[in-house]
Amino acid sequence: MNRPRLRALSPGAGVQSTTVLLLAAEGRIPAFDVALFADTGWEARRTYTHLATLTEHARRAGIPVSRVSAGHIRRDSLDPDHRFVSMPLFSLGPGGERGMARRQRTSEYKLKPIKAEIRNDLRQAA
């Protein structure tokens with residue numbers, strides 16, 4: 001069986017990705033070559049604090065955690081000269097109905113920078 005060229009994890013610092021990263025750090029599941037946190041620049045303070053703790057656990061296990069970014073989602077969304085940023089915005093209708101606007105945050109601010117970094121890592125490893 002061929003080993004993957006690169007084992008990467010994209011932790012969002014939530015419950016599931018935290019669990020997976022800690023399991024890898026403890027050797028309970030195969031380790032990752034890298035963990036890439038896609039930083040929107042506008043996460044909750046506790047997310048960054050938690051990420052710092054995770055980064056230290058992973059570092060001790062030999063798993064580097066890197067931040068990648070496509071910009072600062074809040075600044076970009078408020079900048080009239082920047083392309084429109086579609087975030088997960090919630091609304092409340094006149095009758096109390098709840099809704100959510102169309103979103104592209106995951107693709108633009110998370111997937112694109114992660115894919116670019118993985119391609120870069122693969123090029124450097126070749």
# chains A, B, ... in the order shown; residues from 1 in each chain; ligands from 1

$ select_by_dssp --residues "region 5-54 of chain A" --states "helix (DSSP H, G or I)" --output "tab-separated table (two decimals) with all heavy atoms, in the first residue's frame"
chain	number	residue	atom	x	y	z
A	15	VAL	N	-14.32	20.97	18.29
A	15	VAL	CA	-14.27	19.70	19.02
A	15	VAL	C	-13.68	18.58	18.15
A	15	VAL	O	-12.78	17.86	18.58
A	15	VAL	CB	-15.68	19.31	19.53
A	15	VAL	CG1	-15.67	17.92	20.14
A	15	VAL	CG2	-16.18	20.33	20.53
A	16	GLN	N	-14.21	18.41	16.93
A	16	GLN	CA	-13.79	17.28	16.11
A	16	GLN	C	-12.32	17.37	15.70
A	16	GLN	O	-11.55	16.41	15.85
A	16	GLN	CB	-14.67	17.15	14.85
A	16	GLN	CG	-16.10	16.79	15.15
A	16	GLN	CD	-16.98	18.01	15.40
A	16	GLN	OE1	-16.52	19.14	15.47
A	16	GLN	NE2	-18.27	17.77	15.53
A	17	SER	N	-11.90	18.51	15.17
A	17	SER	CA	-10.51	18.61	14.71
A	17	SER	C	-9.53	18.62	15.88
A	17	SER	O	-8.42	18.12	15.76
A	17	SER	CB	-10.31	19.85	13.82
A	17	SER	OG	-10.58	21.04	14.53
A	18	THR	N	-9.94	19.16	17.02
A	18	THR	CA	-9.10	19.10	18.21
A	18	THR	C	-8.88	17.64	18.61
A	18	THR	O	-7.75	17.22	18.88
A	18	THR	CB	-9.75	19.87	19.39
A	18	THR	OG1	-9.76	21.25	19.07
A	18	THR	CG2	-8.99	19.65	20.68
A	19	THR	N	-9.94	16.87	18.62
A	19	THR	CA	-9.84	15.46	18.98
A	19	THR	C	-8.91	14.72	18.04
A	19	THR	O	-8.03	13.96	18.47
A	19	THR	CB	-11.24	14.81	18.99
A	19	THR	OG1	-12.07	15.50	19.92
A	19	THR	CG2	-11.17	13.34	19.34
A	20	VAL	N	-9.07	14.94	16.75
A	20	VAL	CA	-8.23	14.25	15.77
A	20	VAL	C	-6.76	14.64	15.94
A	20	VAL	O	-5.88	13.77	15.93
A	20	VAL	CB	-8.73	14.54	14.33
A	20	VAL	CG1	-7.74	14.03	13.29
A	20	VAL	CG2	-10.10	13.93	14.11
A	21	LEU	N	-6.49	15.91	16.13
A	21	LEU	CA	-5.10	16.36	16.29
A	21	LEU	C	-4.49	15.79	17.57
A	21	LEU	O	-3.35	15.33	17.57
A	21	LEU	CB	-5.01	17.88	16.28
A	21	LEU	CG	-3.61	18.48	16.33
A	21	LEU	CD1	-2.72	17.93	15.21
A	21	LEU	CD2	-3.67	20.00	16.24
A	22	LEU	N	-5.24	15.77	18.65
A	22	LEU	CA	-4.72	15.22	19.91
A	22	LEU	C	-4.52	13.71	19.82
A	22	LEU	O	-3.53	13.18	20.35
A	22	LEU	CB	-5.64	15.57	21.07
A	22	LEU	CG	-5.67	17.05	21.46
A	22	LEU	CD1	-6.70	17.30	22.55
A	22	LEU	CD2	-4.29	17.54	21.87
A	23	LEU	N	-5.43	13.01	19.14
A	23	LEU	CA	-5.23	11.57	18.94
A	23	LEU	C	-3.96	11.29	18.14
A	23	LEU	O	-3.21	10.36	18.46
A	23	LEU	CB	-6.45	10.95	18.23
A	23	LEU	CG	-7.71	10.80	19.08
A	23	LEU	CD1	-8.89	10.40	18.20
A	23	LEU	CD2	-7.50	9.79	20.20
A	24	ALA	N	-3.70	12.10	17.14
A	24	ALA	CA	-2.48	11.94	16.35
A	24	ALA	C	-1.25	12.26	17.21
A	24	ALA	O	-0.24	11.56	17.15
A	24	ALA	CB	-2.53	12.82	15.11
A	25	ALA	N	-1.34	13.31	18.00
A	25	ALA	CA	-0.21	13.71	18.85
A	25	ALA	C	0.10	12.63	19.89
A	25	ALA	O	1.26	12.45	20.27
A	25	ALA	CB	-0.52	15.04	19.53
A	45	ARG	N	-11.46	35.23	20.35
A	45	ARG	CA	-10.21	35.20	21.11
A	45	ARG	C	-9.96	33.80	21.68
A	45	ARG	O	-8.83	33.31	21.68
A	45	ARG	CB	-10.25	36.22	22.23
A	45	ARG	CG	-8.94	36.26	23.04
A	45	ARG	CD	-8.91	37.35	24.05
A	45	ARG	NE	-9.04	38.63	23.36
A	45	ARG	CZ	-9.65	39.69	23.88
A	45	ARG	NH1	-10.15	39.65	25.08
A	45	ARG	NH2	-9.74	40.81	23.19
A	46	ARG	N	-11.01	33.16	22.17
A	46	ARG	CA	-10.83	31.82	22.75
A	46	ARG	C	-10.37	30.80	21.69
A	46	ARG	O	-9.72	29.83	22.03
A	46	ARG	CB	-12.09	31.37	23.47
A	46	ARG	CG	-13.28	31.12	22.59
A	46	ARG	CD	-14.51	30.72	23.41
A	46	ARG	NE	-15.65	30.54	22.55
A	46	ARG	CZ	-16.52	31.50	22.24
A	46	ARG	NH1	-16.38	32.70	22.75
A	46	ARG	NH2	-17.52	31.26	21.44
A	47	THR	N	-10.73	31.03	20.44
A	47	THR	CA	-10.27	30.14	19.37
A	47	THR	C	-8.76	30.25	19.23
A	47	THR	O	-8.06	29.23	19.14
A	47	THR	CB	-10.95	30.48	18.02
A	47	THR	OG1	-12.36	30.33	18.17
A	47	THR	CG2	-10.44	29.60	16.89
A	48	TYR	N	-8.23	31.46	19.22
A	48	TYR	CA	-6.78	31.65	19.11
A	48	TYR	C	-6.05	31.13	20.34
A	48	TYR	O	-4.97	30.55	20.23
A	48	TYR	CB	-6.45	33.13	18.87
A	48	TYR	CG	-6.91	33.63	17.51
A	48	TYR	CD1	-7.89	34.60	17.40
A	48	TYR	CD2	-6.36	33.11	16.34
A	48	TYR	CE1	-8.31	35.05	16.16
A	48	TYR	CE2	-6.77	33.56	15.10
A	48	TYR	CZ	-7.76	34.52	15.01
A	48	TYR	OH	-8.17	34.96	13.78
A	49	THR	N	-6.65	31.29	21.52
A	49	THR	CA	-6.04	30.77	22.75
A	49	THR	C	-6.00	29.24	22.69
A	49	THR	O	-4.98	28.62	23.01
A	49	THR	CB	-6.85	31.24	23.98
A	49	THR	OG1	-6.84	32.66	24.00
A	49	THR	CG2	-6.26	30.69	25.27
A	50	HIS	N	-7.10	28.64	22.29
A	50	HIS	CA	-7.17	27.18	22.17
A	50	HIS	C	-6.18	26.69	21.11
A	50	HIS	O	-5.48	25.69	21.32
A	50	HIS	CB	-8.59	26.76	21.82
A	50	HIS	CG	-8.78	25.29	21.70
A	50	HIS	ND1	-8.61	24.41	22.74
A	50	HIS	CD2	-9.10	24.53	20.62
A	50	HIS	CE1	-8.82	23.18	22.33
A	50	HIS	NE2	-9.12	23.23	21.04
A	51	LEU	N	-6.08	27.40	20.00
A	51	LEU	CA	-5.15	27.01	18.94
A	51	LEU	C	-3.70	27.04	19.46
A	51	LEU	O	-2.91	26.16	19.12
A	51	LEU	CB	-5.29	27.94	17.73
A	51	LEU	CG	-4.35	27.64	16.57
A	51	LEU	CD1	-4.65	26.27	15.96
A	51	LEU	CD2	-4.46	28.73	15.52
A	52	ALA	N	-3.36	28.01	20.28
A	52	ALA	CA	-2.00	28.07	20.83
A	52	ALA	C	-1.71	26.84	21.69
A	52	ALA	O	-0.61	26.26	21.60
A	52	ALA	CB	-1.83	29.35	21.65
A	53	THR	N	-2.67	26.41	22.47
A	53	THR	CA	-2.50	25.20	23.29
A	53	THR	C	-2.35	23.98	22.40
A	53	THR	O	-1.47	23.14	22.61
A	53	THR	CB	-3.70	25.04	24.24
A	53	THR	OG1	-3.81	26.20	25.06
A	53	THR	CG2	-3.55	23.81	25.11
A	54	LEU	N	-3.21	23.86	21.39
A	54	LEU	CA	-3.12	22.73	20.45
A	54	LEU	C	-1.78	22.71	19.72
A	54	LEU	O	-1.18	21.66	19.53
A	54	LEU	CB	-4.23	22.83	19.40
A	54	LEU	CG	-5.59	22.33	19.76
A	54	LEU	CD1	-6.56	22.58	18.60
A	54	LEU	CD2	-5.56	20.88	20.12

$ closest_residue --among "A:Ala44, A:Leu6, A:Asp39, A:Arg60" --to "Ala126 (chain A)" --atoms "only C-alpha atoms"
A:Leu6

$ closest_residue --among "A:Tyr109, A:Trp42, A:Phe32, A:Phe90" --to "Leu9 (chain A)" --atoms "only C-alpha atoms"
A:Phe32

$ residues_around --residues "region 66-77 of chain A" --least-positions-apart "6" --cutoff "6 Å" --atoms "only C-alpha atoms" --output "short mmCIF file (atom, residue, chain, number, x, y, z; two decimals) with N, CA, C and O atoms, in the first residue's frame"
data_model
loop_
_atom_site.label_atom_id
_atom_site.label_comp_id
_atom_site.auth_asym_id
_atom_site.auth_seq_id
_atom_site.Cartn_x
_atom_site.Cartn_y
_atom_site.Cartn_z
N LEU A 36 -2.80 22.62 9.16
CA LEU A 36 -2.92 23.97 8.60
C LEU A 36 -4.20 24.63 9.09
O LEU A 36 -5.30 24.21 8.74
N PHE A 37 -4.04 25.67 9.90
CA PHE A 37 -5.18 26.42 10.41
C PHE A 37 -5.44 27.59 9.46
O PHE A 37 -4.59 28.45 9.27
N ALA A 38 -6.62 27.59 8.84
CA ALA A 38 -6.99 28.67 7.93
C ALA A 38 -7.54 29.82 8.76
O ALA A 38 -8.65 29.75 9.28
N ASP A 39 -6.76 30.86 8.90
CA ASP A 39 -7.09 31.99 9.76
C ASP A 39 -7.82 33.07 8.96
O ASP A 39 -7.26 33.68 8.06
N THR A 40 -9.08 33.31 9.32
CA THR A 40 -9.87 34.35 8.66
C THR A 40 -9.50 35.73 9.19
O THR A 40 -9.93 36.74 8.64
N GLY A 41 -8.72 35.75 10.29
CA GLY A 41 -8.34 37.02 10.90
C GLY A 41 -9.38 37.56 11.86
O GLY A 41 -9.16 38.56 12.53
N VAL A 85 -17.30 40.07 0.01
CA VAL A 85 -17.05 38.85 0.78
C VAL A 85 -18.38 38.37 1.33
O VAL A 85 -19.07 39.09 2.04
N TYR A 109 -11.84 31.76 2.18
CA TYR A 109 -10.98 32.05 3.32
C TYR A 109 -10.42 30.81 4.01
O TYR A 109 -9.60 30.94 4.91
N PRO A 113 -6.64 28.96 0.69
CA PRO A 113 -5.30 29.08 1.26
C PRO A 113 -4.71 27.74 1.72
O PRO A 113 -3.51 27.52 1.61
#

$ decode --residues "chain A" --atoms "C-alpha atoms" --output "tab-separated table (two decimals), in the first residue's frame"
chain	number	residue	atom	x	y	z
A	1	MET	CA	0.00	0.00	0.00
A	2	ASN	CA	1.35	3.43	-0.94
A	3	ARG	CA	1.76	6.01	1.78
A	4	PRO	CA	0.25	9.42	0.95
A	5	ARG	CA	2.82	12.00	-0.12
A	6	LEU	CA	1.55	14.36	2.55
A	7	ARG	CA	-0.79	13.82	5.49
A	8	ALA	CA	-2.36	17.16	6.33
A	9	LEU	CA	-5.06	18.14	8.79
A	10	SER	CA	-7.09	21.33	8.65
A	11	PRO	CA	-8.01	22.04	12.26
A	12	GLY	CA	-10.63	24.69	12.88
A	13	ALA	CA	-9.97	24.41	16.64
A	14	GLY	CA	-13.41	22.93	17.21
A	15	VAL	CA	-14.27	19.70	19.02
A	16	GLN	CA	-13.79	17.28	16.11
A	17	SER	CA	-10.51	18.61	14.71
A	18	THR	CA	-9.10	19.10	18.21
A	19	THR	CA	-9.84	15.46	18.98
A	20	VAL	CA	-8.23	14.25	15.77
A	21	LEU	CA	-5.10	16.36	16.29
A	22	LEU	CA	-4.72	15.22	19.91
A	23	LEU	CA	-5.23	11.57	18.94
A	24	ALA	CA	-2.48	11.94	16.35
A	25	ALA	CA	-0.21	13.71	18.85
A	26	GLU	CA	-0.71	10.84	21.31
A	27	GLY	CA	0.06	8.24	18.63
A	28	ARG	CA	-3.41	6.71	18.74
A	29	ILE	CA	-3.92	7.41	15.04
A	30	PRO	CA	-1.28	8.02	12.35
A	31	ALA	CA	0.48	11.36	12.70
A	32	PHE	CA	0.09	14.25	10.29
A	33	ASP	CA	2.95	15.87	8.42
A	34	VAL	CA	1.36	19.25	9.00
A	35	ALA	CA	-1.75	20.85	10.43
A	36	LEU	CA	-2.92	23.97	8.60
A	37	PHE	CA	-5.18	26.42	10.41
A	38	ALA	CA	-6.99	28.67	7.93
A	39	ASP	CA	-7.09	31.99	9.76
A	40	THR	CA	-9.87	34.35	8.66
A	41	GLY	CA	-8.34	37.02	10.90
A	42	TRP	CA	-11.61	37.39	12.77
A	43	GLU	CA	-12.00	34.36	14.99
A	44	ALA	CA	-13.02	34.51	18.64
A	45	ARG	CA	-10.21	35.20	21.11
A	46	ARG	CA	-10.83	31.82	22.75
A	47	THR	CA	-10.27	30.14	19.37
A	48	TYR	CA	-6.78	31.65	19.11
A	49	THR	CA	-6.04	30.77	22.75
A	50	HIS	CA	-7.17	27.18	22.17
A	51	LEU	CA	-5.15	27.01	18.94
A	52	ALA	CA	-2.00	28.07	20.83
A	53	THR	CA	-2.50	25.20	23.29
A	54	LEU	CA	-3.12	22.73	20.45
A	55	THR	CA	-0.06	24.01	18.60
A	56	GLU	CA	2.12	23.29	21.64
A	57	HIS	CA	0.74	19.74	22.05
A	58	ALA	CA	1.25	19.06	18.35
A	59	ARG	CA	4.77	20.56	18.35
A	60	ARG	CA	5.86	18.23	21.16
A	61	ALA	CA	4.64	15.31	19.00
A	62	GLY	CA	6.50	16.57	15.94
A	63	ILE	CA	3.42	17.83	14.11
A	64	PRO	CA	3.92	21.42	12.93
A	65	VAL	CA	0.87	23.67	13.00
A	66	SER	CA	0.94	26.52	10.50
A	67	ARG	CA	-1.48	29.35	9.87
A	68	VAL	CA	-2.56	30.18	6.35
A	69	SER	CA	-4.70	33.12	5.38
A	70	ALA	CA	-6.47	34.70	2.44
A	71	GLY	CA	-6.91	37.98	4.29
A	72	HIS	CA	-8.94	39.46	7.11
A	73	ILE	CA	-12.58	38.62	6.46
A	74	ARG	CA	-14.03	41.51	8.48
A	75	ARG	CA	-11.75	44.19	7.02
A	76	ASP	CA	-12.27	42.79	3.53
A	77	SER	CA	-16.05	42.76	3.91
A	78	LEU	CA	-16.11	46.41	5.06
A	79	ASP	CA	-13.67	47.66	2.42
A	80	PRO	CA	-15.62	49.14	-0.53
A	81	ASP	CA	-12.60	48.63	-2.82
A	82	HIS	CA	-12.34	44.92	-2.00
A	83	ARG	CA	-14.33	42.25	-3.78
A	84	PHE	CA	-17.58	41.41	-1.97
A	85	VAL	CA	-17.05	38.85	0.78
A	86	SER	CA	-19.99	36.61	1.47
A	87	MET	CA	-19.99	35.59	5.13
A	88	PRO	CA	-22.46	33.50	7.11
A	89	LEU	CA	-24.73	36.42	8.00
A	90	PHE	CA	-27.95	35.68	9.82
A	91	SER	CA	-31.23	37.56	9.43
A	92	LEU	CA	-34.54	37.86	11.19
A	93	GLY	CA	-37.60	38.41	9.03
A	94	PRO	CA	-40.58	40.62	9.89
A	95	GLY	CA	-42.54	37.57	11.04
A	96	GLY	CA	-39.68	36.31	13.24
A	97	GLU	CA	-38.44	33.78	10.68
A	98	ARG	CA	-34.71	33.15	10.76
A	99	GLY	CA	-32.52	32.97	7.69
A	100	MET	CA	-28.91	32.93	6.56
A	101	ALA	CA	-27.32	34.74	3.64
A	102	ARG	CA	-25.35	32.87	0.98
A	103	ARG	CA	-21.79	32.23	2.10
A	104	GLN	CA	-18.40	31.67	0.47
A	105	ARG	CA	-16.18	32.00	3.53
A	106	THR	CA	-15.31	28.32	3.58
A	107	SER	CA	-14.09	28.30	0.00
A	108	GLU	CA	-12.41	31.69	-0.18
A	109	TYR	CA	-10.98	32.05	3.32
A	110	LYS	CA	-10.36	28.43	4.26
A	111	LEU	CA	-10.09	25.98	1.34
A	112	LYS	CA	-8.15	28.15	-1.12
A	113	PRO	CA	-5.30	29.08	1.26
A	114	ILE	CA	-5.06	25.50	2.58
A	115	LYS	CA	-4.89	24.03	-0.94
A	116	ALA	CA	-2.25	26.58	-1.94
A	117	GLU	CA	-0.09	25.71	1.08
A	118	ILE	CA	-0.42	21.96	0.47
A	119	ARG	CA	0.62	22.42	-3.16
A	120	ASN	CA	3.59	24.45	-1.97
A	121	ASP	CA	4.57	21.78	0.56
A	122	LEU	CA	4.32	19.06	-2.09
A	123	ARG	CA	6.48	21.08	-4.51
A	124	GLN	CA	9.13	21.55	-1.83
A	125	ALA	CA	9.09	17.84	-0.95
A	126	ALA	CA	9.53	16.79	-4.59
